[in-house]
There are 4 protein chains.
Amino acid sequence: MIKAGIIGATGYAGGELVRLLLGHKNAEIKWFGSRSYIDQKYASIYRNMFQLIEDSCLDDNIEELAKQVDVIFTATPQGYLASILSESVLNQVKVVDLSADFRIKDVSVYEAWYQLKHASPQFLEEAVYGLCEINREKIRGARLIANPGCYTTCSILAAYPLVKEGLIDVDTLIIDAKSGTSGAGRGAKTPNLFCEVNENIKAYGVTSHRHTPEIEEQLGYAAGREIKVNFTPHLVPMNRGILVTEYASLKGAPTYRQVKEAYDHYYAKEKFVRVLDPDIYPETKWVEGSNYVDLNFKMDERTGRIILMGALDNLVKGAAGQAVQNMNLLFGEKESEGLELVPVFP
Amino acid sequence: MIKAGIIGATGYAGGELVRLLLGHKNAEIKWFGSRSYIDQKYASIYRNMFQLIEDSCLDDNIEELAKQVDVIFTATPQGYLASILSESVLNQVKVVDLSADFRIKDVSVYEAWYQLKHASPQFLEEAVYGLCEINREKIRGARLIANPGCYTTCSILAAYPLVKEGLIDVDTLIIDAKSGTSGAGRGAKTPNLFCEVNENIKAYGVTSHRHTPEIEEQLGYAAGREIKVNFTPHLVPMNRGILVTEYASLKGAPTYRQVKEAYDHYYAKEKFVRVLDPDIYPETKWVEGSNYVDLNFKMDERTGRIILMGALDNLVKGAAGQAVQNMNLLFGEKESEGLELVPVFP
Amino acid sequence: MIKAGIIGATGYAGGELVRLLLGHKNAEIKWFGSRSYIDQKYASIYRNMFQLIEDSCLDDNIEELAKQVDVIFTATPQGYLASILSESVLNQVKVVDLSADFRIKDVSVYEAWYQLKHASPQFLEEAVYGLCEINREKIRGARLIANPGCYTTCSILAAYPLVKEGLIDVDTLIIDAKSGTSGAGRGAKTPNLFCEVNENIKAYGVTSHRHTPEIEEQLGYAAGREIKVNFTPHLVPMNRGILVTEYASLKGAPTYRQVKEAYDHYYAKEKFVRVLDPDIYPETKWVEGSNYVDLNFKMDERTGRIILMGALDNLVKGAAGQAVQNMNLLFGEKESEGLELVPVFP
Amino acid sequence: MIKAGIIGATGYAGGELVRLLLGHKNAEIKWFGSRSYIDQKYASIYRNMFQLIEDSCLDDNIEELAKQVDVIFTATPQGYLASILSESVLNQVKVVDLSADFRIKDVSVYEAWYQLKHASPQFLEEAVYGLCEINREKIRGARLIANPGCYTTCSILAAYPLVKEGLIDVDTLIIDAKSGTSGAGRGAKTPNLFCEVNENIKAYGVTSHRHTPEIEEQLGYAAGREIKVNFTPHLVPMNRGILVTEYASLKGAPTYRQVKEAYDHYYAKEKFVRVLDPDIYPETKWVEGSNYVDLNFKMDERTGRIILMGALDNLVKGAAGQAVQNMNLLFGEKESEGLELVPVFP
């Protein structure tokens, strides 16, 4: 039985992690960390857990926690894990970080986009970017997993085969992304009130969203060189779900079959990546509550561009689901254990 | 392995039944019946099932189906099962009917409220009303289960202990119910369009909703005499969930503890019925996607009344979940098999 | 030109008041009071007002304000107006209070339900309860108007003719109310976040909501004696709108026509009260953005009860619209000036 | 008093036209045409109009209608107006067509994208594309106005100044658009049911949406040459509102000020076009119910691109509001008459 501790268990991603781990055959949660709710019953914060969890919330003592568990999940604000992580912790437990602290290798890029001083740059080198479909082998042996962002998971998986195979001009790549509101977290802020979000859609973080350098770094590895993209997120009046629509110019006029083969080459055996049938486009509702990413593409002869689309549940494959997938890889579990969730519709 | 067939697999309740049975260890779906979509791939209708179900939809041939499976679920319009059910079918398979055809013992009451001639009144006597928490033992030996309605499951479970224990004046019972829109089905009707439902709430079926006699019959058994209630359903702009708010005059000035003990007497050992802590009221979101019913009550000294509240997911405990629970009872499975779903939040 | 000042101009009711007054031919806003946003441009808080309002927000100095305007609207937290109101203010201007400070005549009832010490009980006597359809004549001559609550306006208007005419047993009156989320205000609280409200419905304030004594007092005047009711509000995932469903036992077996005539007697000439055709029930969407209240009723022979229904826009007839209607009465304007808004659908 | 007739008065755009014309000082509706609801009271279809409109729906007899009114609005399916329009009609009345029949000058382009044979190509030449801010002078003298599409109005107005002034490379223009569901019409179709749209976002009509050639034609005029764009619409779970996010490479490295001046040059005097302050991005909620288009842009030095954003209410500036604006121009009314609507928030 894998013993798990969660720091930040009362945010939306933390809550989803709890939901998923409850359904995992070989894992149990030993520590529900939440500085905001210390000593309060977890089920009083997340009342879906009434009669399912009797534990109360604990403080965020990572050194103490490291002695008690096998894996620590951190679903915490940017900079927090970097401020408390230590060699001794990493010597005792695996750490899966759902924040961005260890996602970006170049500390100056991190500090520029996040406007934070990085407190533990010494662990950047060893941290493995936990996009399971791409870095599976590296993940297995890691101590520290940088669990990818929600937008980035979707954006990268949609474009990866084409970038890797050189089928698109990466300098033309534009990513227009749409997210449900749980991505904004559970903090009480006026812009996230029901009445402000409902019946509304807006762009935000235009040219400056922090997932941009993460996408650029990972797709840059696939391209074999540095790339720059435009990434524009939008807030959608729904709880869960991310949809990305990406645009790029095709290189060398590939056929539908060639593009499809590129996707199949990377994803045909991937349980959680579903490349849809021709002219069926991803919708967030069809993956809700599950760990699937649905992908598809449409080529436009008129403009020479290709439109890529991807959908996932931001709290599952975009956060907690991928974190569990990483845990499974780290501990030699079946990769899909605890994640064989059928999407909930409607 | 229980072999199951579904007639009406492409309605919302049918779709939920498919989702739940996919997660059941000892059941497999052998027949996806859908007259509207014969020969179309099931996963092309419910695209959450892409790569999970390869079957195509079949016609609704119950005699043929009865030879191939152990249990038939009918999620069909009122009157349909009654028109095709036969002794030979019931001799071969268990039937769990999600429609209302066999819920009401008095055929004249059925015909008056449903405005339909009942085509198989000969099976009314043996049909067991499948409210598992109340009729568990009868269900085990039945051939034909009348799976309760969504509103009725919630309405009855909220009031049952108090009616049974004589703590309320049943002649004062008023039920004000609120439902998400999936209860209205997947048929393409203008009043169920997004723009008509969103940002709107309305009452409907006032004094005439068909779940009224079902509630009256079942609570009448608990009361030991005929009762009449007012039941008013409302349409709420959400996909899933039913909330009932019930009002009744208390009898004999019971204390909080006495009322609570009545609930505990009937539900303390029931896995799927959660009586909440004092002053915590049920919310549909906290049970979404799960088979739980959350209940609570509040006594009003000023008026001598008690307010009862209940919440469930209309597609799970209100339909497909309860149907699976019935199946488990019929086949000697663990009652919660396939139903240990943690509610999805947010 | 009526010069108006608003204290609390940046809450949702304050914002709606601004919207309505912009469309009023003979009124202009001279003071946008908002302690939270002093010196910030009003249009930076409510961006719908961009290029429509150039003013910045001012502090809440009621004495200074009283010198500059003809009418002051207060859309402020409970207790605030009572703490700053003075004879000198009332000698200079009309005051329309959208809070509850002067709605309840019996100060002990106010203090018990609001858990506040009333700071200006000396003005309770003269304050006029501003339910225009009922207190029209008293309003015209008043200095201080207690603008009714959103739930109360709807609850009272739905029941008033039947209580007044003795057609129902008032001791059996039960009010089950449903409200959009703007009624909860613009304060940043976790329970009002989009993800907490969306796909959810719940009761709150069960047996203890503060609109209860307000309803009891006003309907008590109609009944000619003290009454007690159960009032249960629910939070609905929509921005605007209140729906009430009321239950009561009929007295003396009136016919449909007799009941309808009671409504017609009081409302046939009322522009903003629409009694719908038989079997057409109020829906919040059909009055959204307007000052209308839609009403109807359904009699149930089986139980001897009548079900009353009412719908209004909580920010218009339930707050700002009624406040403008009161202003019009106070200043001899056409009562509907600025309020001839066609409901927005969909 | 302008006498108006509407063919297609019971669709969402038709309904909005009715709402707006009710508030117009110098217009009155003489004909509520609706083939689906002949002889039914209009207010029984749109119940917001109860007690406001007593008329019943009439058949669509354009020749008869032309004798009775001054202007005919057609809010009808594609191809319908072309099939009934005649020289005699145009000699008697002004026609403002909200369908696409006369928006595209090149009949072969129309027929290719709409998969329809154009039945009245002889009127294409004289039809004026009714984008008021751009074609104001031509509109005044026209007989036949092709009222622009909802997506196109927003897409064109956002890009027009930059295309016209040569500040962007038009060959790089990509338009990612998001729309509320009222744009899909009031027809009863499963994909537009509440449960299918709610909690969901999807792209549709990828590379093939019919508004593409309309955008290309109009921006082509501005560019002085043929252009091709990618236009991708998305369905958003909200009733009203369109948001467009456009991407293009800048030409000649203009400064913020230069770009802003281009917008100001075309829009500073336009009442209904609001160019927002720096770093404030359009949101659909801030224009809901009004005739405004909110615009802004953000330049990205890293990629050399500019991101353009626009928001409008698809039923107002995107349909009925613009139609009324066109009517005002045709009849010499104040252009904003009936359209001085303050956006409704929240």
# chains A, B, ... in the order shown; residues from 1 in each chain; ligands from 1

call {"tool": "closest_atom_pairs", "arguments": {"of": "chain B", "to": "chain D", "cutoff": "6 Å", "atoms": "only C-alpha atoms", "output": "Markdown table"}}
result
| residue | atom | partner | partner_atom | distance |
| --- | --- | --- | --- | --- |
| B:Ala188 | CA | D:Thr190 | CA | 4.8 |
| B:Lys189 | CA | D:Ala188 | CA | 5.0 |
| B:Thr190 | CA | D:Ala188 | CA | 4.8 |
| B:Asn192 | CA | D:Leu193 | CA | 5.6 |
| B:Leu193 | CA | D:Leu193 | CA | 4.1 |
| B:Phe194 | CA | D:Phe194 | CA | 3.6 |
| B:Cys195 | CA | D:Asn239 | CA | 5.3 |
| B:Asn239 | CA | D:Cys195 | CA | 5.3 |

call {"tool": "residues_around", "arguments": {"residues": "Asn291 (chain D)", "least_positions_apart": "4", "cutoff": "12 Å", "atoms": "only C-alpha atoms", "output": "PyMOL selection string"}}
result
(chain C and resi 48) or (chain D and resi 16+20+132+150+153-154+241+270-274+284+286-287+311-325+335-344)

call {"tool": "calpha_fit_and_write", "arguments": {"fixed": "chain A", "moving": "chain B", "output": "short mmCIF file (atom, residue, chain, number, x, y, z; two decimals) with C-alpha atoms, in the first residue's frame"}}
result
data_model
loop_
_atom_site.label_atom_id
_atom_site.label_comp_id
_atom_site.auth_asym_id
_atom_site.auth_seq_id
_atom_site.Cartn_x
_atom_site.Cartn_y
_atom_site.Cartn_z
CA MET B 1 0.03 0.02 0.02
CA ILE B 2 1.47 3.35 -1.04
CA LYS B 3 1.15 5.86 1.74
CA ALA B 4 0.43 9.33 0.39
CA GLY B 5 0.48 12.77 1.92
CA ILE B 6 -1.06 15.85 0.35
CA ILE B 7 0.06 19.38 1.05
CA GLY B 8 -2.69 21.69 -0.12
CA ALA B 9 -5.48 19.13 0.14
CA THR B 10 -8.30 21.66 0.25
CA GLY B 11 -7.81 23.42 -3.06
CA TYR B 12 -9.73 22.09 -6.03
CA ALA B 13 -6.76 20.09 -7.34
CA GLY B 14 -6.12 18.75 -3.86
CA GLY B 15 -9.75 17.77 -3.50
CA GLU B 16 -9.66 15.93 -6.82
CA LEU B 17 -6.51 14.11 -5.75
CA VAL B 18 -8.37 12.92 -2.68
CA ARG B 19 -11.28 11.72 -4.82
CA LEU B 20 -8.96 9.78 -7.13
CA LEU B 21 -6.81 8.26 -4.39
CA LEU B 22 -9.95 7.01 -2.62
CA GLY B 23 -10.54 4.86 -5.68
CA HIS B 24 -6.96 3.59 -5.93
CA LYS B 25 -6.50 0.00 -4.82
CA ASN B 26 -2.96 0.35 -3.55
CA ALA B 27 -2.81 3.82 -2.12
CA GLU B 28 -4.09 5.45 1.02
CA ILE B 29 -3.97 9.05 2.15
CA LYS B 30 -2.19 9.53 5.45
CA TRP B 31 -1.96 13.30 5.62
CA PHE B 32 -4.47 15.92 4.55
CA GLY B 33 -2.40 19.07 4.71
CA SER B 34 -4.16 22.43 4.68
CA ARG B 35 -2.85 25.48 6.43
CA SER B 36 -6.21 27.23 6.09
CA TYR B 37 -8.21 24.52 7.81
CA ILE B 38 -5.93 22.94 10.41
CA ASP B 39 -7.82 20.64 12.79
CA GLN B 40 -11.05 20.95 10.84
CA LYS B 41 -12.51 17.73 9.54
CA TYR B 42 -11.69 17.32 5.89
CA ALA B 43 -15.27 16.26 5.18
CA SER B 44 -16.51 19.56 6.60
CA ILE B 45 -14.57 21.36 3.86
CA TYR B 46 -15.40 18.92 1.07
CA ARG B 47 -18.78 17.61 2.01
CA ASN B 48 -18.85 15.09 -0.80
CA MET B 49 -16.47 13.21 1.52
CA PHE B 50 -18.97 12.98 4.39
CA GLN B 51 -18.74 9.48 5.89
CA LEU B 52 -15.93 8.68 3.45
CA ILE B 53 -13.10 10.51 5.23
CA GLU B 54 -12.92 10.96 8.97
CA ASP B 55 -9.52 12.69 9.08
CA SER B 56 -8.94 16.29 10.03
CA CYS B 57 -6.64 18.66 8.20
CA LEU B 58 -3.03 18.94 9.34
CA ASP B 59 -0.39 21.62 9.06
CA ASP B 60 2.16 21.58 6.24
CA ASN B 61 5.19 20.06 7.93
CA ILE B 62 7.05 18.46 5.05
CA GLU B 63 9.93 17.07 7.11
CA GLU B 64 7.56 15.30 9.46
CA LEU B 65 5.39 14.20 6.57
CA ALA B 66 8.38 12.74 4.73
CA LYS B 67 8.88 10.29 7.58
CA GLN B 68 5.34 9.01 7.46
CA VAL B 69 4.59 8.52 3.79
CA ASP B 70 5.96 7.18 0.53
CA VAL B 71 4.86 10.01 -1.71
CA ILE B 72 4.05 13.66 -1.14
CA PHE B 73 1.78 15.58 -3.46
CA THR B 74 2.05 19.35 -3.30
CA ALA B 75 -0.91 21.28 -4.63
CA THR B 76 0.31 24.59 -3.36
CA PRO B 77 0.88 28.17 -4.55
CA GLN B 78 3.88 28.89 -6.75
CA GLY B 79 7.11 29.12 -4.82
CA TYR B 80 5.92 27.23 -1.78
CA LEU B 81 7.47 23.84 -2.47
CA ALA B 82 10.73 25.44 -3.57
CA SER B 83 10.84 27.18 -0.21
CA ILE B 84 10.52 24.00 1.85
CA LEU B 85 12.04 21.24 -0.25
CA SER B 86 15.25 19.64 0.97
CA GLU B 87 17.63 16.86 0.12
CA SER B 88 16.52 14.99 3.22
CA VAL B 89 12.92 15.04 2.05
CA LEU B 90 13.86 13.77 -1.38
CA ASN B 91 15.94 11.03 0.17
CA GLN B 92 12.94 9.70 2.02
CA VAL B 93 9.96 10.12 -0.33
CA LYS B 94 8.91 10.74 -3.87
CA VAL B 95 7.55 14.22 -4.46
CA VAL B 96 4.94 15.02 -7.09
CA ASP B 97 4.58 18.77 -7.36
CA LEU B 98 1.38 20.11 -8.91
CA SER B 99 2.70 23.67 -8.75
CA ALA B 100 5.04 25.15 -11.35
CA ASP B 101 8.16 25.30 -9.18
CA PHE B 102 10.15 22.66 -11.00
CA ARG B 103 8.62 22.66 -14.45
CA ILE B 104 11.01 25.09 -16.10
CA LYS B 105 14.69 24.22 -16.33
CA ASP B 106 15.95 27.73 -16.91
CA VAL B 107 15.67 29.49 -13.58
CA SER B 108 15.84 32.92 -15.19
CA VAL B 109 12.85 32.11 -17.37
CA TYR B 110 10.95 30.89 -14.32
CA GLU B 111 11.79 34.00 -12.36
CA ALA B 112 10.89 36.32 -15.21
CA TRP B 113 7.44 34.82 -15.86
CA TYR B 114 6.54 34.07 -12.24
CA GLN B 115 8.05 37.20 -10.73
CA LEU B 116 9.45 35.06 -7.95
CA LYS B 117 12.95 34.27 -6.74
CA HIS B 118 13.40 30.52 -7.01
CA ALA B 119 14.37 29.17 -3.60
CA SER B 120 15.65 25.73 -4.64
CA PRO B 121 17.24 25.92 -8.07
CA GLN B 122 19.54 23.02 -7.10
CA PHE B 123 16.69 20.57 -7.68
CA LEU B 124 15.74 21.87 -11.11
CA GLU B 125 18.18 19.64 -12.91
CA GLU B 126 16.89 16.39 -11.53
CA ALA B 127 13.20 17.22 -11.60
CA VAL B 128 11.38 15.30 -14.33
CA TYR B 129 8.59 16.96 -16.25
CA GLY B 130 5.76 14.55 -15.58
CA LEU B 131 3.98 14.43 -18.90
CA CYS B 132 3.62 10.68 -18.77
CA GLU B 133 3.00 9.98 -22.44
CA ILE B 134 6.25 11.70 -23.37
CA ASN B 135 8.58 11.23 -20.41
CA ARG B 136 7.41 7.86 -19.13
CA GLU B 137 10.81 6.26 -18.75
CA LYS B 138 12.45 9.21 -17.07
CA ILE B 139 9.56 9.45 -14.63
CA ARG B 140 10.02 5.90 -13.35
CA GLY B 141 13.38 6.64 -11.81
CA ALA B 142 12.82 10.16 -10.56
CA ARG B 143 12.64 11.52 -7.04
CA LEU B 144 10.92 14.77 -7.96
CA ILE B 145 8.15 15.09 -10.53
CA ALA B 146 7.08 18.45 -11.92
CA ASN B 147 3.46 17.67 -12.73
CA PRO B 148 2.52 19.65 -15.85
CA GLY B 149 0.05 22.51 -15.92
CA CYS B 150 -3.51 22.00 -17.13
CA TYR B 151 -3.26 24.19 -20.21
CA THR B 152 0.18 22.88 -21.01
CA THR B 153 -0.75 19.21 -20.90
CA CYS B 154 -3.48 19.82 -23.43
CA SER B 155 -1.51 22.24 -25.57
CA ILE B 156 1.58 20.07 -25.77
CA LEU B 157 -0.16 16.77 -26.41
CA ALA B 158 -2.18 18.29 -29.26
CA ALA B 159 0.91 19.59 -31.07
CA TYR B 160 3.64 17.16 -30.04
CA PRO B 161 3.47 14.64 -32.92
CA LEU B 162 3.43 17.36 -35.56
CA VAL B 163 6.29 19.29 -34.02
CA LYS B 164 8.32 16.16 -33.49
CA GLU B 165 7.73 14.97 -37.04
CA GLY B 166 8.35 18.38 -38.56
CA LEU B 167 4.91 18.60 -40.14
CA ILE B 168 4.25 22.17 -39.06
CA ASP B 169 6.17 25.39 -39.05
CA VAL B 170 6.58 25.84 -35.30
CA ASP B 171 7.17 29.55 -35.67
CA THR B 172 3.54 29.95 -36.75
CA LEU B 173 2.06 28.08 -33.80
CA ILE B 174 -0.75 29.92 -32.03
CA ILE B 175 -2.67 28.43 -29.13
CA ASP B 176 -6.09 29.73 -28.19
CA ALA B 177 -7.19 28.01 -24.99
CA LYS B 178 -10.45 27.95 -23.05
CA SER B 179 -10.80 26.82 -19.45
CA GLY B 180 -13.50 26.14 -16.92
CA THR B 181 -13.39 28.14 -13.73
CA SER B 182 -12.01 25.54 -11.34
CA GLY B 183 -8.65 26.35 -12.90
CA ALA B 184 -8.82 29.66 -11.06
CA GLY B 185 -8.79 27.91 -7.70
CA ARG B 186 -10.98 28.06 -4.63
CA GLY B 187 -9.78 31.40 -3.32
CA ALA B 188 -12.51 33.92 -2.66
CA LYS B 189 -12.01 36.58 -5.32
CA THR B 190 -14.65 38.83 -6.85
CA PRO B 191 -13.80 37.97 -10.49
CA ASN B 192 -14.51 34.31 -9.74
CA LEU B 193 -17.93 34.87 -8.20
CA PHE B 194 -20.78 33.08 -9.91
CA CYS B 195 -22.38 36.31 -11.14
CA GLU B 196 -19.13 37.54 -12.68
CA VAL B 197 -18.30 34.33 -14.54
CA ASN B 198 -21.75 33.13 -15.53
CA GLU B 199 -22.98 34.36 -18.91
CA ASN B 200 -19.52 35.68 -19.66
CA ILE B 201 -16.37 34.86 -21.57
CA LYS B 202 -13.11 36.78 -21.60
CA ALA B 203 -9.45 36.44 -22.47
CA TYR B 204 -6.92 36.98 -19.69
CA GLY B 205 -3.17 36.89 -19.28
CA VAL B 206 -2.85 37.83 -22.95
CA THR B 207 0.83 37.43 -24.01
CA SER B 208 1.81 36.95 -20.36
CA HIS B 209 0.27 33.73 -19.05
CA ARG B 210 2.75 31.61 -17.13
CA HIS B 211 2.01 28.45 -19.02
CA THR B 212 3.58 29.99 -22.13
CA PRO B 213 7.25 29.28 -21.31
CA GLU B 214 6.32 25.77 -20.15
CA ILE B 215 4.75 25.02 -23.53
CA GLU B 216 7.66 26.62 -25.33
CA GLU B 217 10.22 24.61 -23.42
CA GLN B 218 8.56 21.25 -23.95
CA LEU B 219 7.66 21.79 -27.59
CA GLY B 220 11.14 23.20 -28.05
CA TYR B 221 12.57 19.84 -27.03
CA ALA B 222 10.37 18.21 -29.65
CA ALA B 223 11.40 20.73 -32.28
CA GLY B 224 15.05 20.50 -31.37
CA ARG B 225 15.36 24.24 -30.99
CA GLU B 226 13.95 27.21 -29.14
CA ILE B 227 10.46 28.28 -30.13
CA LYS B 228 8.10 31.08 -29.28
CA VAL B 229 4.33 30.75 -29.36
CA ASN B 230 1.33 32.87 -28.67
CA PHE B 231 -0.83 31.40 -25.96
CA THR B 232 -4.11 33.05 -24.99
CA PRO B 233 -6.28 31.57 -22.25
CA HIS B 234 -9.98 32.36 -21.83
CA LEU B 235 -12.31 31.88 -18.88
CA VAL B 236 -15.46 29.91 -19.71
CA PRO B 237 -18.61 29.66 -17.55
CA MET B 238 -18.27 26.00 -16.66
CA ASN B 239 -16.67 24.20 -13.72
CA ARG B 240 -14.30 21.82 -15.45
CA GLY B 241 -12.65 21.36 -18.78
CA ILE B 242 -10.00 22.77 -21.03
CA LEU B 243 -10.27 23.09 -24.77
CA VAL B 244 -7.33 24.21 -26.88
CA THR B 245 -7.54 25.30 -30.50
CA GLU B 246 -4.14 25.57 -32.14
CA TYR B 247 -3.19 27.02 -35.50
CA ALA B 248 -0.05 26.41 -37.53
CA SER B 249 1.11 26.44 -41.12
CA LEU B 250 1.73 23.03 -42.57
CA LYS B 251 5.15 22.18 -43.92
CA GLY B 252 5.53 20.21 -47.11
CA ALA B 253 1.84 19.72 -47.83
CA PRO B 254 1.27 16.48 -45.94
CA THR B 255 -1.87 14.43 -46.59
CA TYR B 256 -4.54 13.69 -43.99
CA ARG B 257 -3.14 10.19 -43.72
CA GLN B 258 0.37 11.41 -43.05
CA VAL B 259 -0.78 13.67 -40.27
CA LYS B 260 -2.97 10.96 -38.82
CA GLU B 261 -0.07 8.54 -38.85
CA ALA B 262 2.02 10.98 -36.91
CA TYR B 263 -0.63 11.06 -34.19
CA ASP B 264 -0.99 7.30 -34.29
CA HIS B 265 2.75 6.82 -34.03
CA TYR B 266 2.84 8.54 -30.68
CA TYR B 267 -0.60 7.85 -29.28
CA ALA B 268 -2.10 4.68 -30.75
CA LYS B 269 -1.02 2.71 -27.70
CA GLU B 270 -1.71 5.45 -25.19
CA LYS B 271 -4.74 4.60 -23.10
CA PHE B 272 -5.47 8.16 -22.07
CA VAL B 273 -4.99 9.90 -25.40
CA ARG B 274 -7.88 9.44 -27.81
CA VAL B 275 -7.47 10.70 -31.35
CA LEU B 276 -11.02 11.09 -32.62
CA ASP B 277 -12.51 10.03 -35.93
CA PRO B 278 -12.30 12.47 -38.86
CA ASP B 279 -14.44 15.59 -38.46
CA ILE B 280 -15.35 14.76 -34.89
CA TYR B 281 -14.00 17.53 -32.71
CA PRO B 282 -13.10 17.32 -29.03
CA GLU B 283 -15.63 18.62 -26.50
CA THR B 284 -14.82 19.04 -22.85
CA LYS B 285 -18.04 17.35 -21.76
CA TRP B 286 -17.00 14.04 -23.26
CA VAL B 287 -13.95 13.75 -21.03
CA GLU B 288 -15.34 15.27 -17.85
CA GLY B 289 -14.33 13.51 -14.67
CA SER B 290 -11.89 11.24 -16.54
CA ASN B 291 -8.18 11.15 -17.32
CA TYR B 292 -8.67 11.21 -21.09
CA VAL B 293 -7.35 13.78 -23.52
CA ASP B 294 -9.36 13.87 -26.74
CA LEU B 295 -7.52 15.19 -29.78
CA ASN B 296 -8.21 15.87 -33.40
CA PHE B 297 -7.13 18.09 -36.26
CA LYS B 298 -8.51 19.65 -39.42
CA MET B 299 -6.45 20.68 -42.42
CA ASP B 300 -7.38 23.77 -44.39
CA GLU B 301 -6.31 23.66 -48.02
CA ARG B 302 -7.39 27.23 -48.56
CA THR B 303 -4.90 28.67 -46.10
CA GLY B 304 -2.33 25.91 -45.84
CA ARG B 305 -2.87 25.73 -42.11
CA ILE B 306 -3.86 22.95 -39.78
CA ILE B 307 -6.17 23.44 -36.82
CA LEU B 308 -5.43 21.22 -33.82
CA MET B 309 -7.91 20.67 -31.04
CA GLY B 310 -7.63 19.04 -27.65
CA ALA B 311 -9.92 18.61 -24.64
CA LEU B 312 -9.30 17.37 -21.13
CA ASP B 313 -10.60 17.74 -17.61
CA ASN B 314 -8.30 20.31 -16.03
CA LEU B 315 -8.60 18.73 -12.58
CA VAL B 316 -7.92 15.19 -13.79
CA LYS B 317 -5.50 14.81 -16.71
CA GLY B 318 -4.70 18.51 -16.19
CA ALA B 319 -3.76 18.05 -12.52
CA ALA B 320 -4.68 15.30 -10.07
CA GLY B 321 -5.18 12.47 -12.57
CA GLN B 322 -1.81 13.03 -14.12
CA ALA B 323 -0.30 13.23 -10.63
CA VAL B 324 -1.72 9.81 -9.83
CA GLN B 325 -0.50 8.52 -13.19
CA ASN B 326 2.96 9.75 -12.22
CA MET B 327 2.66 8.08 -8.84
CA ASN B 328 1.76 4.82 -10.53
CA LEU B 329 4.85 5.07 -12.71
CA LEU B 330 7.05 5.92 -9.73
CA PHE B 331 5.88 2.92 -7.74
CA GLY B 332 5.57 0.36 -10.48
CA GLU B 333 1.80 0.24 -10.32
CA LYS B 334 -0.33 -0.33 -13.38
CA GLU B 335 -0.26 3.11 -15.00
CA SER B 336 -4.04 3.40 -15.16
CA GLU B 337 -4.76 2.18 -11.62
CA GLY B 338 -7.30 4.50 -10.00
CA LEU B 339 -7.76 6.32 -13.28
CA GLU B 340 -10.11 4.04 -15.19
CA LEU B 341 -12.87 6.55 -14.85
CA VAL B 342 -15.58 6.66 -17.46
CA PRO B 343 -16.31 10.27 -18.40
CA VAL B 344 -19.51 11.55 -16.82
CA PHE B 345 -22.16 12.68 -19.27
CA PRO B 346 -24.19 14.81 -19.14
#

call {"tool": "select_by_dssp", "arguments": {"residues": "region 60-275 of chain C", "states": "helix (DSSP H, G or I)", "output": "PyMOL selection string"}}
result
chain C and resi 62-68+80-84+87-92+107-114+121-123+132-140+150-164+170-172+181-184+190-192+194-197+211-223+256-267
